file structure_35.cif (mmCIF, C-alpha atoms and all ligand atoms)
data_structure
#
loop_
_atom_site.label_atom_id
_atom_site.label_comp_id
_atom_site.auth_asym_id
_atom_site.auth_seq_id
_atom_site.Cartn_x
_atom_site.Cartn_y
_atom_site.Cartn_z
CA MET A 92 170.96 -115.81 -169.74
CA ARG A 93 170.26 -117.07 -166.25
CA TYR A 94 167.27 -115.59 -164.43
CA SER A 95 165.74 -116.24 -161.04
CA LYS A 96 162.14 -117.31 -160.60
CA ILE A 97 159.86 -117.66 -157.62
CA ALA A 98 159.32 -121.42 -157.36
CA GLY A 99 157.12 -121.40 -154.26
CA ILE A 100 155.54 -119.02 -151.79
CA GLY A 101 154.08 -119.43 -148.30
CA HIS A 102 153.00 -117.56 -145.22
CA HIS A 103 152.03 -117.97 -141.59
CA VAL A 104 150.13 -115.68 -139.24
CA PRO A 105 149.50 -116.20 -135.51
CA GLU A 106 146.06 -117.43 -134.43
CA THR A 107 145.05 -114.57 -132.14
CA ILE A 108 142.90 -111.98 -133.89
CA ILE A 109 142.98 -108.49 -132.38
CA THR A 110 140.00 -106.46 -133.53
CA ASN A 111 139.69 -102.68 -133.51
CA ASP A 112 136.96 -103.06 -130.92
CA TYR A 113 139.33 -104.96 -128.64
CA LEU A 114 141.96 -102.21 -128.99
CA SER A 115 139.36 -99.64 -128.01
CA THR A 116 139.00 -101.44 -124.65
CA ILE A 117 142.70 -100.95 -123.82
CA MET A 118 143.43 -97.49 -125.30
CA ASP A 119 141.60 -94.38 -126.40
CA THR A 120 140.74 -95.36 -129.96
CA ASN A 121 137.76 -96.67 -131.91
CA ASP A 122 136.88 -98.79 -134.93
CA ALA A 123 135.62 -95.82 -136.95
CA TRP A 124 138.92 -93.88 -136.63
CA ILE A 125 141.11 -96.87 -137.44
CA THR A 126 138.96 -97.98 -140.37
CA GLU A 127 138.68 -94.52 -141.87
CA ARG A 128 142.40 -93.59 -141.56
CA THR A 129 144.00 -96.97 -142.28
CA GLY A 130 141.44 -99.48 -143.60
CA ILE A 131 142.53 -101.96 -140.91
CA LYS A 132 139.77 -104.01 -139.22
CA GLU A 133 141.91 -106.56 -137.38
CA ARG A 134 145.50 -107.78 -137.01
CA ARG A 135 147.22 -110.86 -135.54
CA TRP A 136 149.28 -110.81 -132.36
CA ILE A 137 151.49 -113.67 -131.28
CA ASN A 138 151.12 -115.90 -128.28
CA PRO A 139 154.45 -115.17 -126.50
CA ASP A 140 154.47 -118.70 -125.01
CA LYS A 141 154.76 -120.39 -128.39
CA ASP A 142 155.36 -118.00 -131.29
CA THR A 143 158.75 -116.60 -132.28
CA VAL A 144 159.88 -114.76 -135.39
CA ALA A 145 161.99 -117.77 -136.35
CA ASN A 146 159.31 -120.42 -135.86
CA MET A 147 156.69 -118.39 -137.74
CA ALA A 148 159.26 -117.98 -140.51
CA ALA A 149 159.88 -121.74 -140.50
CA LYS A 150 156.16 -122.42 -140.98
CA ALA A 151 155.98 -119.96 -143.90
CA SER A 152 159.18 -121.46 -145.36
CA ARG A 153 157.86 -125.03 -145.21
CA MET A 154 154.69 -123.97 -147.02
CA ALA A 155 156.80 -122.27 -149.72
CA LEU A 156 159.04 -125.34 -150.07
CA GLN A 157 156.09 -127.69 -150.28
CA ARG A 158 154.43 -125.53 -152.96
CA ALA A 159 157.75 -125.53 -154.86
CA GLY A 160 157.94 -129.33 -154.64
CA LEU A 161 161.19 -129.06 -152.63
CA THR A 162 162.36 -129.96 -149.13
CA GLU A 163 164.41 -128.16 -146.49
CA LYS A 164 167.56 -129.95 -147.67
CA ASP A 165 167.35 -128.21 -151.05
CA VAL A 166 167.88 -124.75 -149.51
CA GLU A 167 171.43 -123.44 -150.03
CA PHE A 168 171.17 -119.94 -148.56
CA ILE A 169 168.79 -117.86 -146.44
CA VAL A 170 168.07 -114.14 -146.72
CA PHE A 171 165.93 -112.99 -143.81
CA ALA A 172 164.29 -109.55 -143.66
CA THR A 173 163.08 -108.39 -140.25
CA ILE A 174 163.36 -105.46 -137.86
CA THR A 175 162.08 -107.51 -134.94
CA SER A 176 164.47 -110.46 -134.68
CA ASP A 177 164.01 -112.72 -131.67
CA TYR A 178 167.35 -111.60 -130.23
CA TYR A 179 169.12 -108.26 -130.53
CA PHE A 180 171.84 -110.47 -131.99
CA PRO A 181 172.38 -112.94 -133.58
CA GLY A 182 169.89 -112.24 -136.32
CA SER A 183 166.90 -114.31 -137.35
CA GLY A 184 168.61 -115.99 -140.32
CA VAL A 185 170.61 -118.33 -138.11
CA LEU A 186 167.61 -119.09 -135.93
CA LEU A 187 165.57 -120.04 -138.98
CA GLN A 188 168.45 -122.11 -140.27
CA ARG A 189 168.44 -124.00 -136.94
CA GLU A 190 164.64 -124.43 -137.03
CA LEU A 191 164.93 -125.98 -140.50
CA GLY A 192 167.88 -128.21 -139.54
CA LEU A 193 170.19 -126.65 -142.13
CA GLU A 194 173.40 -126.30 -140.14
CA GLY A 195 176.24 -124.95 -142.25
CA ILE A 196 174.44 -122.98 -144.95
CA GLY A 197 174.84 -119.19 -145.03
CA ALA A 198 172.19 -116.93 -143.50
CA LEU A 199 171.98 -113.18 -144.07
CA ASP A 200 169.84 -110.67 -142.16
CA ILE A 201 168.33 -107.56 -143.74
CA LYS A 202 167.08 -104.67 -141.57
CA ASN A 203 165.38 -102.41 -144.09
CA ALA A 204 161.96 -102.36 -142.43
CA CYS A 205 159.00 -102.20 -144.81
CA SER A 206 161.29 -102.37 -147.87
CA GLY A 207 163.22 -105.26 -146.34
CA PHE A 208 161.57 -108.04 -148.29
CA ILE A 209 162.27 -106.41 -151.67
CA TYR A 210 165.88 -105.69 -150.62
CA ALA A 211 166.18 -109.38 -149.61
CA LEU A 212 164.64 -110.55 -152.88
CA SER A 213 167.03 -108.34 -154.84
CA ILE A 214 170.07 -109.79 -153.07
CA ALA A 215 168.88 -113.35 -153.61
CA ASP A 216 168.22 -112.52 -157.28
CA GLN A 217 171.86 -111.46 -157.74
CA PHE A 218 173.17 -114.67 -156.13
CA ILE A 219 171.00 -116.81 -158.41
CA LYS A 220 171.94 -114.85 -161.55
CA THR A 221 175.66 -115.17 -160.85
CA GLY A 222 175.26 -118.90 -160.30
CA MET A 223 176.45 -118.80 -156.70
CA TYR A 224 173.34 -120.61 -155.40
CA LYS A 225 170.48 -122.56 -156.96
CA THR A 226 167.90 -122.51 -154.17
CA ILE A 227 167.53 -119.51 -151.88
CA LEU A 228 164.94 -119.06 -149.15
CA VAL A 229 163.87 -115.40 -148.85
CA VAL A 230 161.85 -114.53 -145.77
CA GLY A 231 160.11 -111.53 -144.23
CA ALA A 232 158.81 -112.04 -140.68
CA GLU A 233 157.93 -109.75 -137.80
CA ILE A 234 156.62 -109.71 -134.26
CA GLN A 235 155.59 -106.10 -133.70
CA SER A 236 153.06 -106.68 -130.94
CA SER A 237 155.67 -107.10 -128.20
CA ALA A 238 157.14 -103.63 -128.90
CA LEU A 239 153.93 -101.64 -129.27
CA ASP A 240 153.03 -98.96 -126.77
CA VAL A 241 149.42 -99.92 -126.06
CA SER A 242 148.80 -96.94 -123.79
CA ASP A 243 146.94 -93.92 -125.23
CA ARG A 244 150.34 -92.36 -125.99
CA GLY A 245 151.15 -95.07 -128.51
CA ARG A 246 147.78 -95.26 -130.23
CA ASN A 247 149.00 -93.79 -133.54
CA THR A 248 151.26 -96.82 -134.05
CA ALA A 249 149.75 -99.56 -131.87
CA VAL A 250 146.63 -99.78 -134.04
CA ILE A 251 148.61 -100.15 -137.28
CA PHE A 252 151.19 -102.90 -136.79
CA GLY A 253 150.70 -106.67 -136.72
CA ASP A 254 152.63 -109.96 -136.63
CA GLY A 255 153.24 -112.57 -139.34
CA ALA A 256 155.67 -114.23 -141.73
CA GLY A 257 156.01 -114.85 -145.46
CA ALA A 258 158.59 -116.72 -147.54
CA VAL A 259 159.54 -117.40 -151.15
CA ILE A 260 161.86 -119.90 -152.78
CA LEU A 261 164.03 -118.50 -155.55
CA ARG A 262 165.43 -120.85 -158.21
CA PRO A 263 167.28 -120.36 -161.51
CA SER A 264 165.44 -120.38 -164.84
CA ASP A 265 166.33 -119.73 -168.46
CA GLN A 266 163.08 -117.75 -168.74
CA PRO A 267 162.69 -114.31 -167.14
CA GLY A 268 161.25 -114.37 -163.63
CA ILE A 269 162.47 -111.39 -161.62
CA LEU A 270 162.78 -108.75 -164.33
CA SER A 271 164.33 -106.00 -162.23
CA THR A 272 164.60 -104.66 -158.70
CA HIS A 273 165.05 -101.03 -157.64
CA LEU A 274 166.36 -100.07 -154.21
CA HIS A 275 166.48 -96.61 -152.62
CA ALA A 276 167.12 -94.94 -149.27
CA ASP A 277 167.28 -91.47 -147.74
CA GLY A 278 168.74 -91.53 -144.24
CA ARG A 279 167.97 -87.87 -143.64
CA PHE A 280 164.56 -89.09 -142.52
CA ALA A 281 165.74 -91.89 -140.21
CA GLU A 282 164.05 -90.45 -137.11
CA GLU A 283 160.62 -90.05 -138.77
CA LEU A 284 159.93 -93.73 -138.10
CA TYR A 285 162.29 -95.50 -135.74
CA VAL A 286 162.95 -97.39 -132.55
CA LYS A 287 165.77 -95.69 -130.67
CA ASP A 288 166.67 -98.44 -128.20
CA PRO A 289 168.48 -100.74 -127.87
CA GLY A 290 170.98 -98.66 -129.82
CA GLY A 291 174.64 -97.77 -129.44
CA SER A 292 174.23 -93.99 -129.71
CA ARG A 293 173.69 -93.07 -126.05
CA PRO A 294 176.08 -90.60 -124.40
CA ASN A 295 178.79 -92.47 -122.51
CA LYS A 296 177.52 -91.40 -119.09
CA GLU A 297 174.32 -93.28 -119.78
CA ARG A 298 175.95 -96.34 -121.19
CA GLN A 299 175.69 -98.52 -118.13
CA PRO A 300 175.25 -102.24 -118.66
CA GLU A 301 171.92 -102.35 -116.86
CA GLN A 302 170.58 -99.55 -119.05
CA PHE A 303 171.77 -101.24 -122.18
CA LEU A 304 169.77 -104.27 -121.19
CA ASP A 305 166.74 -102.18 -120.26
CA THR A 306 164.50 -102.33 -123.31
CA SER A 307 161.76 -100.10 -121.86
CA GLY A 308 162.68 -97.54 -124.55
CA PHE A 309 162.02 -100.13 -127.25
CA LYS A 310 158.94 -98.44 -128.63
CA VAL A 311 158.08 -97.36 -132.14
CA HIS A 312 158.14 -93.64 -132.81
CA MET A 313 156.42 -92.50 -136.00
CA ASN A 314 155.70 -89.08 -137.44
CA GLY A 315 152.71 -90.46 -139.35
CA ASN A 316 151.92 -87.39 -141.46
CA GLN A 317 155.49 -87.07 -142.74
CA VAL A 318 155.73 -90.78 -143.49
CA PHE A 319 152.43 -90.69 -145.36
CA LYS A 320 153.45 -87.68 -147.50
CA HIS A 321 156.75 -89.24 -148.55
CA ALA A 322 155.20 -92.68 -149.04
CA VAL A 323 152.70 -91.62 -151.69
CA VAL A 324 155.43 -89.88 -153.72
CA ARG A 325 158.06 -92.62 -153.44
CA PHE A 326 155.62 -95.47 -154.14
CA MET A 327 154.67 -93.84 -157.44
CA GLU A 328 158.27 -93.04 -158.38
CA VAL A 329 159.58 -96.52 -157.75
CA ILE A 330 156.72 -98.27 -159.55
CA ASN A 331 157.23 -96.02 -162.58
CA GLU A 332 160.97 -96.68 -162.39
CA ALA A 333 160.36 -100.44 -162.58
CA LEU A 334 157.97 -100.07 -165.53
CA ALA A 335 160.36 -97.78 -167.42
CA ALA A 336 163.31 -100.14 -166.85
CA ASN A 337 161.35 -102.89 -168.60
CA ASN A 338 159.74 -100.77 -171.32
CA MET A 339 156.35 -101.47 -169.85
CA ALA A 340 153.33 -99.31 -169.10
CA LYS A 341 150.96 -99.48 -166.15
CA GLU A 342 148.55 -101.46 -168.36
CA ASN A 343 151.09 -104.31 -168.35
CA ILE A 344 150.73 -104.83 -164.60
CA ASP A 345 148.56 -107.88 -163.93
CA LEU A 346 148.82 -107.48 -160.16
CA LEU A 347 150.35 -104.79 -157.98
CA VAL A 348 151.21 -106.07 -154.51
CA PRO A 349 152.08 -102.97 -152.48
CA HIS A 350 153.57 -103.14 -149.00
CA GLN A 351 150.51 -103.03 -146.76
CA ALA A 352 151.25 -99.74 -144.98
CA ASN A 353 147.84 -98.13 -145.06
CA LEU A 354 144.85 -98.90 -147.29
CA ARG A 355 144.61 -95.18 -148.11
CA ILE A 356 148.15 -95.25 -149.54
CA SER A 357 147.30 -98.30 -151.71
CA GLN A 358 144.10 -96.62 -152.90
CA TYR A 359 145.98 -93.43 -153.75
CA ILE A 360 148.49 -95.38 -155.88
CA GLN A 361 145.70 -97.35 -157.54
CA GLU A 362 143.90 -94.15 -158.47
CA LYS A 363 147.05 -92.40 -159.72
CA LEU A 364 147.94 -95.38 -161.90
CA SER A 365 144.27 -95.88 -162.97
CA LEU A 366 144.43 -99.54 -162.00
CA ARG A 367 141.28 -101.65 -161.69
CA ASP A 368 140.42 -103.25 -158.33
CA ASP A 369 141.50 -106.66 -159.61
CA GLN A 370 144.97 -105.26 -160.43
CA VAL A 371 145.80 -104.37 -156.81
CA TYR A 372 145.97 -106.82 -153.92
CA ASN A 373 145.29 -105.65 -150.36
CA ASN A 374 144.93 -107.64 -147.17
CA ILE A 375 145.80 -104.95 -144.63
CA MET A 376 142.17 -105.13 -143.46
CA ARG A 377 142.94 -108.52 -141.87
CA TYR A 378 146.60 -108.25 -140.83
CA GLY A 379 147.49 -104.58 -140.38
CA ASN A 380 151.00 -103.52 -141.35
CA THR A 381 153.40 -106.44 -140.87
CA THR A 382 156.47 -104.52 -142.13
CA ALA A 383 158.89 -106.89 -143.94
CA ALA A 384 156.33 -109.71 -143.88
CA SER A 385 153.52 -107.82 -145.58
CA ILE A 386 154.51 -108.33 -149.23
CA PRO A 387 155.22 -112.09 -149.05
CA ILE A 388 152.05 -112.69 -146.99
CA ALA A 389 150.00 -110.74 -149.54
CA MET A 390 151.67 -112.49 -152.50
CA SER A 391 151.10 -115.90 -150.91
CA GLU A 392 147.41 -115.19 -150.33
CA ALA A 393 146.96 -113.72 -153.81
CA TRP A 394 148.61 -116.81 -155.33
CA ALA A 395 146.42 -119.18 -153.25
CA GLU A 396 143.30 -117.25 -154.36
CA GLY A 397 144.28 -117.75 -158.02
CA LYS A 398 145.04 -114.06 -158.54
CA ILE A 399 148.62 -114.75 -159.67
CA LYS A 400 148.92 -116.96 -162.73
CA GLU A 401 151.76 -118.26 -164.89
CA ASN A 402 153.28 -115.49 -167.03
CA ASP A 403 151.54 -112.67 -165.14
CA VAL A 404 153.46 -109.44 -164.55
CA ILE A 405 153.57 -108.77 -160.80
CA CYS A 406 154.76 -105.47 -159.41
CA LEU A 407 155.96 -105.25 -155.79
CA ALA A 408 156.52 -101.87 -154.17
CA ALA A 409 157.37 -100.72 -150.66
CA PHE A 410 158.16 -97.65 -148.60
CA GLY A 411 159.04 -97.29 -144.95
CA SER A 412 161.50 -96.57 -142.18
CA GLY A 413 164.87 -95.25 -143.28
CA PHE A 414 163.35 -93.85 -145.34
CA THR A 415 163.79 -96.78 -147.71
CA TRP A 416 161.72 -97.61 -150.75
CA ALA A 417 161.95 -100.31 -153.39
CA SER A 418 160.17 -102.13 -156.20
CA ALA A 419 160.44 -105.36 -158.13
CA LEU A 420 158.87 -106.36 -161.43
CA ILE A 421 158.33 -110.08 -161.81
CA ARG A 422 157.19 -112.33 -164.67
CA TRP A 423 155.54 -115.18 -162.73
O1 LIG B 1 154.89 -99.07 -143.16
C1 LIG B 1 155.33 -97.87 -143.70
C2 LIG B 1 155.28 -96.79 -142.79
N1 LIG B 1 154.01 -96.39 -142.26
C3 LIG B 1 153.13 -95.67 -142.99
O2 LIG B 1 153.21 -95.55 -144.18
C4 LIG B 1 152.07 -94.96 -142.20
C5 LIG B 1 151.86 -93.59 -142.76
N2 LIG B 1 150.99 -92.76 -141.94
C6 LIG B 1 149.71 -93.04 -141.71
O3 LIG B 1 149.20 -94.04 -142.17
C7 LIG B 1 148.88 -92.02 -140.94
O4 LIG B 1 149.66 -90.90 -140.66
C8 LIG B 1 148.29 -92.59 -139.61
C9 LIG B 1 147.23 -93.61 -139.91
C10 LIG B 1 149.39 -93.21 -138.77
C11 LIG B 1 147.67 -91.47 -138.80
O5 LIG B 1 146.69 -90.81 -139.55
P1 LIG B 1 146.66 -89.22 -139.62
O6 LIG B 1 145.49 -88.85 -140.39
O7 LIG B 1 148.02 -88.78 -140.09
O8 LIG B 1 146.40 -88.84 -138.10
P2 LIG B 1 147.23 -87.86 -137.17
O9 LIG B 1 148.44 -88.55 -136.62
O10 LIG B 1 147.41 -86.54 -137.85
O11 LIG B 1 146.22 -87.67 -136.00
C12 LIG B 1 144.92 -87.06 -136.23
C13 LIG B 1 144.15 -87.11 -134.91
C14 LIG B 1 144.94 -86.60 -133.71
O12 LIG B 1 144.02 -85.96 -132.86
P3 LIG B 1 143.89 -84.35 -132.86
O13 LIG B 1 145.25 -83.83 -132.56
O14 LIG B 1 143.44 -83.99 -134.25
O15 LIG B 1 142.88 -84.08 -131.80
C15 LIG B 1 145.42 -87.84 -133.05
O16 LIG B 1 145.66 -87.67 -131.68
O17 LIG B 1 143.81 -88.48 -134.61
C16 LIG B 1 144.28 -88.79 -133.29
N3 LIG B 1 144.67 -90.19 -133.25
C17 LIG B 1 143.81 -91.19 -132.96
N4 LIG B 1 142.51 -91.18 -132.62
C18 LIG B 1 141.93 -92.38 -132.39
C19 LIG B 1 145.89 -90.74 -133.54
N5 LIG B 1 145.83 -92.07 -133.41
C20 LIG B 1 144.55 -92.37 -133.05
C21 LIG B 1 143.89 -93.59 -132.81
N6 LIG B 1 142.58 -93.54 -132.49
N7 LIG B 1 144.49 -94.78 -132.89
#

call {"tool": "encode", "arguments": {"input": "structure_35.cif", "output": "structure tokens"}}
result
Amino acid sequence: MRYSKIAGIGHHVPETIITNDYLSTIMDTNDAWITERTGIKERRWINPDKDTVANMAAKASRMALQRAGLTEKDVEFIVFATITSDYYFPGSGVLLQRELGLEGIGALDIKNACSGFIYALSIADQFIKTGMYKTILVVGAEIQSSALDVSDRGRNTAVIFGDGAGAVILRPSDQPGILSTHLHADGRFAEELYVKDPGGSRPNKERQPEQFLDTSGFKVHMNGNQVFKHAVVRFMEVINEALAANNMAKENIDLLVPHQANLRISQYIQEKLSLRDDQVYNNIMRYGNTTAASIPIAMSEAWAEGKIKENDVICLAAFGSGFTWASALIRW
């Protein structure tokens, strides 16, 4: 049986640290509110003069390749998860391919928001298992800061989201690596967390070229309470689904790496599953919610800190816009 295994993992975050105290100088918010409701203390925002989604992704990818003992030329396919690609189209996959000098290889974009990285990993897993490719680069990268409404009106989202990139290299193995992935969606809730523009759904009378190019409507809308309520239920469901599919119990999880949506959500799951502190990895305090990038950034940091070891069972889980939710169980 052919399995896929994570051979290397890397991440990159922009240099500029945006503290809660800084945010409170530009909008009506404060450190106490943000810390209490979300656990976030700071996040990174890009420097628009030098950072792009694709070049942050390239830095994360090179770290993952180097840790895997591989080079750019070994990569045969790219799966790129992002909701904030540098251009409306083409997607980020081709831009990363260009950054890495890999002209000709296939590049696929995934737009499943916070669940995007697990969706991307699942697709790459299938390609490796069928033997179609031997080395796949799977990336999650986001620049949220340029689309945040930093006026008082946008404070419920502006304080949460951050920028960054994470990447893994997937390779074949005769030993189990990715044990299973589980993907779900419920489009009835699409407007609970969305960016309406630039979209193709305007009435015709409004569809003037200049308005299509006007991205002033490109702001995140989130019904936070609704998202929170669904998140805590779906996170639990999809983690239990992954455990059941592998005849495992929660005690078998060496490390849970949840999508970093809100520290309160992670703590809720930890309590419900009775996991110890060392069984759950969180770094939302330092980076906020980086959507598709949050899981690979967290996994990369956990690995570098020695919290992921050979043979460990790692559980990834995510919930977000769509709604979409997903999990993956991995034998490292
Ligand atoms: O990545 C996956 C998707 N995202 C999530 O999973 C996020 C899920 N949702 C959440 O994490 C929470 O809903 C939030 C952290 C976004 C908000 O927390 P909440 O407890 O649901 O707050 P709320 O929206 O109900 O607002 C409570 C109060 C309101 O004031 P009033 O009406 O009670 O006077 C808000 O206006 O807090 C106010 N508020 C703020 N105050 C200071 C909202 N944002 C802020 C802010 N600073 N940044």

call {"tool": "residues_near_ligand", "arguments": {"input": "structure_35.cif", "ligand": "ligand LIG 1 (chain B)", "cutoff": "9 Å", "atoms": "all atoms listed in the file", "output": "JSON list (two decimals) with C-alpha atoms, in the coordinates of the input"}}
result
[["chain", "number", "residue", "atom", "x", "y", "z"],
["A", 114, "LEU", "CA", 141.96, -102.21, -128.99],
["A", 115, "SER", "CA", 139.36, -99.64, -128.01],
["A", 118, "MET", "CA", 143.43, -97.49, -125.30],
["A", 119, "ASP", "CA", 141.60, -94.38, -126.40],
["A", 120, "THR", "CA", 140.74, -95.36, -129.96],
["A", 121, "ASN", "CA", 137.76, -96.67, -131.91],
["A", 122, "ASP", "CA", 136.88, -98.79, -134.93],
["A", 123, "ALA", "CA", 135.62, -95.82, -136.95],
["A", 124, "TRP", "CA", 138.92, -93.88, -136.63],
["A", 125, "ILE", "CA", 141.11, -96.87, -137.44],
["A", 127, "GLU", "CA", 138.68, -94.52, -141.87],
["A", 128, "ARG", "CA", 142.40, -93.59, -141.56],
["A", 129, "THR", "CA", 144.00, -96.97, -142.28],
["A", 204, "ALA", "CA", 161.96, -102.36, -142.43],
["A", 205, "CYS", "CA", 159.00, -102.20, -144.81],
["A", 206, "SER", "CA", 161.29, -102.37, -147.87],
["A", 243, "ASP", "CA", 146.94, -93.92, -125.23],
["A", 244, "ARG", "CA", 150.34, -92.36, -125.99],
["A", 245, "GLY", "CA", 151.15, -95.07, -128.51],
["A", 246, "ARG", "CA", 147.78, -95.26, -130.23],
["A", 247, "ASN", "CA", 149.00, -93.79, -133.54],
["A", 248, "THR", "CA", 151.26, -96.82, -134.05],
["A", 249, "ALA", "CA", 149.75, -99.56, -131.87],
["A", 250, "VAL", "CA", 146.63, -99.78, -134.04],
["A", 251, "ILE", "CA", 148.61, -100.15, -137.28],
["A", 252, "PHE", "CA", 151.19, -102.90, -136.79],
["A", 284, "LEU", "CA", 159.93, -93.73, -138.10],
["A", 313, "MET", "CA", 156.42, -92.50, -136.00],
["A", 314, "ASN", "CA", 155.70, -89.08, -137.44],
["A", 315, "GLY", "CA", 152.71, -90.46, -139.35],
["A", 316, "ASN", "CA", 151.92, -87.39, -141.46],
["A", 317, "GLN", "CA", 155.49, -87.07, -142.74],
["A", 318, "VAL", "CA", 155.73, -90.78, -143.49],
["A", 319, "PHE", "CA", 152.43, -90.69, -145.36],
["A", 320, "LYS", "CA", 153.45, -87.68, -147.50],
["A", 321, "HIS", "CA", 156.75, -89.24, -148.55],
["A", 322, "ALA", "CA", 155.20, -92.68, -149.04],
["A", 323, "VAL", "CA", 152.70, -91.62, -151.69],
["A", 350, "HIS", "CA", 153.57, -103.14, -149.00],
["A", 351, "GLN", "CA", 150.51, -103.03, -146.76],
["A", 352, "ALA", "CA", 151.25, -99.74, -144.98],
["A", 353, "ASN", "CA", 147.84, -98.13, -145.06],
["A", 354, "LEU", "CA", 144.85, -98.90, -147.29],
["A", 355, "ARG", "CA", 144.61, -95.18, -148.11],
["A", 356, "ILE", "CA", 148.15, -95.25, -149.54],
["A", 380, "ASN", "CA", 151.00, -103.52, -141.35],
["A", 381, "THR", "CA", 153.40, -106.44, -140.87],
["A", 382, "THR", "CA", 156.47, -104.52, -142.13],
["A", 383, "ALA", "CA", 158.89, -106.89, -143.94],
["A", 409, "ALA", "CA", 157.37, -100.72, -150.66],
["A", 410, "PHE", "CA", 158.16, -97.65, -148.60],
["A", 411, "GLY", "CA", 159.04, -97.29, -144.95],
["A", 412, "SER", "CA", 161.50, -96.57, -142.18],
["A", 414, "PHE", "CA", 163.35, -93.85, -145.34]]

call {"tool": "residues_around", "arguments": {"input": "structure_35.cif", "residues": "A:Arg134", "least_positions_apart": "3", "cutoff": "8 Å", "atoms": "only C-alpha atoms", "output": "list in words"}}
result
Ile108, Ile109, Thr110, Ile131, Phe252, Gly253, Asp254, Met376, Arg377, Tyr378 and Gly379 of chain A

call {"tool": "write_last_selection", "arguments": {"input": "structure_35.cif", "atoms": "C-alpha atoms", "output": "PDB file, in the frame of the given file"}}
result
ATOM      1  CA  ILE A 108     142.900-111.980-133.890  1.00  0.00           C
ATOM      2  CA  ILE A 109     142.980-108.490-132.380  1.00  0.00           C
ATOM      3  CA  THR A 110     140.000-106.460-133.530  1.00  0.00           C
ATOM      4  CA  ILE A 131     142.530-101.960-140.910  1.00  0.00           C
ATOM      5  CA  PHE A 252     151.190-102.900-136.790  1.00  0.00           C
ATOM      6  CA  GLY A 253     150.700-106.670-136.720  1.00  0.00           C
ATOM      7  CA  ASP A 254     152.630-109.960-136.630  1.00  0.00           C
ATOM      8  CA  MET A 376     142.170-105.130-143.460  1.00  0.00           C
ATOM      9  CA  ARG A 377     142.940-108.520-141.870  1.00  0.00           C
ATOM     10  CA  TYR A 378     146.600-108.250-140.830  1.00  0.00           C
ATOM     11  CA  GLY A 379     147.490-104.580-140.380  1.00  0.00           C
TER      12      GLY A 379
END

call {"tool": "closest_residue", "arguments": {"input": "structure_35.cif", "among": "A:Arg93, A:Arg135, A:Leu274, A:Ala172", "to": "A:Tyr224", "atoms": "all atoms listed in the file"}}
result
A:Arg93

call {"tool": "closest_atom_pairs", "arguments": {"input": "structure_35.cif", "of": "stretch 99-125 of chain A", "to": "stretch 392-402 of chain A", "cutoff": "12 Å", "atoms": "all atoms listed in the file", "output": "CSV"}}
result
residue,atom,partner,partner_atom,distance
A:Gly99,CA,A:Trp394,CA,9.7
A:Ile100,CA,A:Trp394,CA,8.1
A:Gly101,CA,A:Glu392,CA,8.2
A:His102,CA,A:Glu392,CA,7.9
A:His103,CA,A:Glu392,CA,10.3
A:Val104,CA,A:Glu392,CA,11.4

call {"tool": "residues_near_point", "arguments": {"input": "structure_35.cif", "point": "(157.1, -113.5, -163.4)", "cutoff": "7 Å", "atoms": "only C-alpha atoms", "output": "CSV table (one decimal) with C-alpha atoms, in the frame of the given file"}}
result
chain,number,residue,atom,x,y,z
A,96,LYS,CA,162.1,-117.3,-160.6
A,267,PRO,CA,162.7,-114.3,-167.1
A,268,GLY,CA,161.2,-114.4,-163.6
A,269,ILE,CA,162.5,-111.4,-161.6
A,402,ASN,CA,153.3,-115.5,-167.0
A,403,ASP,CA,151.5,-112.7,-165.1
A,404,VAL,CA,153.5,-109.4,-164.6
A,405,ILE,CA,153.6,-108.8,-160.8
A,421,ILE,CA,158.3,-110.1,-161.8
A,422,ARG,CA,157.2,-112.3,-164.7
A,423,TRP,CA,155.5,-115.2,-162.7

call {"tool": "residues_around", "arguments": {"input": "structure_35.cif", "residues": "A:Leu199", "least_positions_apart": "3", "cutoff": "10 Å", "atoms": "only C-alpha atoms", "output": "list in words"}}
result
Phe168, Ile169, Val170, Phe171, Ala172, Gly182, Ser183, Gly184, Val185, Ala211, Ile214 and Val229 of chain A

call {"tool": "write_last_selection", "arguments": {"input": "structure_35.cif", "atoms": "C-alpha atoms", "output": "PDB file, in the frame of the given file"}}
result
ATOM      1  CA  PHE A 168     171.170-119.940-148.560  1.00  0.00           C
ATOM      2  CA  ILE A 169     168.790-117.860-146.440  1.00  0.00           C
ATOM      3  CA  VAL A 170     168.070-114.140-146.720  1.00  0.00           C
ATOM      4  CA  PHE A 171     165.930-112.990-143.810  1.00  0.00           C
ATOM      5  CA  ALA A 172     164.290-109.550-143.660  1.00  0.00           C
ATOM      6  CA  GLY A 182     169.890-112.240-136.320  1.00  0.00           C
ATOM      7  CA  SER A 183     166.900-114.310-137.350  1.00  0.00           C
ATOM      8  CA  GLY A 184     168.610-115.990-140.320  1.00  0.00           C
ATOM      9  CA  VAL A 185     170.610-118.330-138.110  1.00  0.00           C
ATOM     10  CA  ALA A 211     166.180-109.380-149.610  1.00  0.00           C
ATOM     11  CA  ILE A 214     170.070-109.790-153.070  1.00  0.00           C
ATOM     12  CA  VAL A 229     163.870-115.400-148.850  1.00  0.00           C
TER      13      VAL A 229
END

call {"tool": "residues_near_point", "arguments": {"input": "structure_35.cif", "point": "(157.7, -110.2, -145.5)", "cutoff": "7 Å", "atoms": "only C-alpha atoms", "output": "list in words"}}
result
Ala172, Phe208, Val230, Gly231, Ala232, Ala256, Gly257, Ala258, Thr382, Ala383, Ala384, Ser385, Ile386, Pro387 and Ile388 of chain A

call {"tool": "closest_residue", "arguments": {"input": "structure_35.cif", "among": "A:Asn337, A:Ser357, A:Gln157, A:Ser237", "to": "A:Val324", "atoms": "all atoms listed in the file"}}
result
A:Ser357
